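Below is one structure, written out as structure tokens, with a few remarks after it.
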Number of protein chains: 2
Amino acid sequence: MSDRDSIEARKTQAAAWFEELRNQICAAFEELEDELSTVPGAPLAEKEPGRFERKSWERKDHDGAPGGGGVMSLMHGRVFEKVGVNISTVEGRFSPDFAKKIPGAEADPRFWASGISLVAHMQSPLVPAVHMNTRHIVTSKAWFGGGADLNPMYPDEQDTADFHNAFRSACDRHDPEHYPRFKAWCDDYFMIRHRGEARGVGGIFYDYLESDWERDFAFTQDVGRAFLEVYPKLVRRHMHRPWSEEQRQHQLFRRGRYVEFNLLYDRGTRFGLETGGNVEAILMSLPPLAAWP
Amino acid sequence: MSDRDSIEARKTQAAAWFEELRNQICAAFEELEDELSTVPGAPLAEKEPGRFERKSWERKDHDGAPGGGGVMSLMHGRVFEKVGVNISTVEGRFSPDFAKKIPGAEADPRFWASGISLVAHMQSPLVPAVHMNTRHIVTSKAWFGGGADLNPMYPDEQDTADFHNAFRSACDRHDPEHYPRFKAWCDDYFMIRHRGEARGVGGIFYDYLESDWERDFAFTQDVGRAFLEVYPKLVRRHMHRPWSEEQRQHQLFRRGRYVEFNLLYDRGTRFGLETGGNVEAILMSLPPLAAWP
């Protein structure tokens, strides 16, 4: 295969994985929606189990040329108050100003990017909210990035340990330096700087991963699998527990902090808005309800 | 008087005005809280009328030196769901990066700034939310800025006309070019760019006003007086009307847009966060409850 054929084959392979992961995650989350009513007295079990609704969108590049698109999957359920699982594959040319900030785009502004992005805001204040995202970006360079972080309203030591261990295992299978580096990066990144507060209890964050394509892709796949393994376990652990109005109010307050981070600091949000991404898809991460009392 | 004495006298005069305006506005808003129960059947009239609570804060400059401070006035009432009226008078040195963006601070980073800032989120979705802010900033230059914009959930022609007319009158008393220029600036500034939507129905916005100090200060005082004249009138017009749950949901949705603007684009928010302002005071503008359904 020529270099160009090989790059194209890799793009196809990465985009197909993000789609496959989306399918697996949506199926696992719908299973949780069904499961709730199997435990007598579970809160909100009288509601219908939620189902994802899909909506596709197309992107135009800034010169009006076709620029790819994506599919949003959104569910309003009885376990998941609002969860979005978005995939997108976009391509085009960065604007000159934006190109300066992106590796490999200084001389040639063409880019291709594909990824999956997920944010779950839960009905129960006792079930942690979560974010997960992995992506492959191709300019004159080609790299992977992503991560996942847990956002409990009431941090729980076992949840935090399980979440971190899942991603530590995924990391350790590929490179012993990944976990310590990507955990620290996560802590640094998900910092609400103006408040000097962490957004949640961390996880991993990585970007510009460009060692060996096969190895980086395999790692990125394992990040997705680790998420799929650990998060439903945490949801199952807490989703049947009743909660108080005071706990609900605390959840809405914590979600306000989440909004502050996403609109003030989140790079994915800024990247999306600055590259003419789909506003509805980008801001699907915002919580269904949030309070600044 | 020497130039320096005159600058100091002007600072004192401006800061005193912002404090006086704060007192007048808080009194007028508490009067509205009291008035609600004089009309039989007014929504939430069974609640206690709200009262402002004041909280002062001190600012340290980035080198740890004293840097002024402010007073927040916050009320959670039965007409005003959450309203903050903040005054502050701060001084210090801009960080080198920030100084480059501020007129008159390139060579000498010292600054002094005083102002009043108000955001009201109302219980009733039929009463428009509002923002008003005026300020005086002194570097090696000295200018006034400010504005007010109306944010109805359901725009009402008469409200919009009354609001604009009040500020048009204030403008016209000082310069016939003010109103057209400052109205257009407001429309341009309060644009939620990623959505291509206006935040509200406009008003006026001005900055870097440095023609003649006495004249600019008199204009800035009249902007405050225009607000005080017109906004309580709009509140009185609608506060007794019952509303539906659907209207309440629409209000929460519109407040989400307000949050997006404030965190993504608002210069006052960014100025405050970047100059080490009081986070609680700066983000008092965020609504008590907002939805992204």
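Please note that chains go A, B, ... in the order of the structure tokens, that every chain numbers its residues from 1, and that ligands are numbered from 1 in the order shown.
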Using only C-alpha atoms, determine which residues of chain B fall within 12 Å of chain A; present them as a ChimeraX atom specification.
-> /B:74-76,81-84,121,192-196,249,252-253,255-266,269-280,282-293
Please return as a VMD selection string: the residues of segment 37-209 of chain A that backbone DSSP assigns to helix (DSSP H, G or I).
-> chain A and resid 37 to 38 96 to 99 157 to 172 178 to 189 193 to 195
Atom pair atom CA of Ser73 of chain B / atom CA of Ala120 of chain B: separation (Å) | 11.6 Å
Excluding same-chain residues fewer than 6 positions from Ile137 of chain B, what lies within 7 Å of it counting only C-alpha atoms, as a ChimeraX atom specification?
-> /B:112-114,143-144
Every residue of segment 58-269 of chain A that DSSP places in strand (DSSP E), as a ChimeraX atom specification | /A:58-60,66-75,80-93,110-122,129-138,142-151,191-192,197-198,203-209
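Distances from B:Asp159, B:Glu106, B:Glu229, B:Asp212 to Leu126 of chain B were compared using only C-alpha atoms, and the smallest one belongs to B:Asp159.
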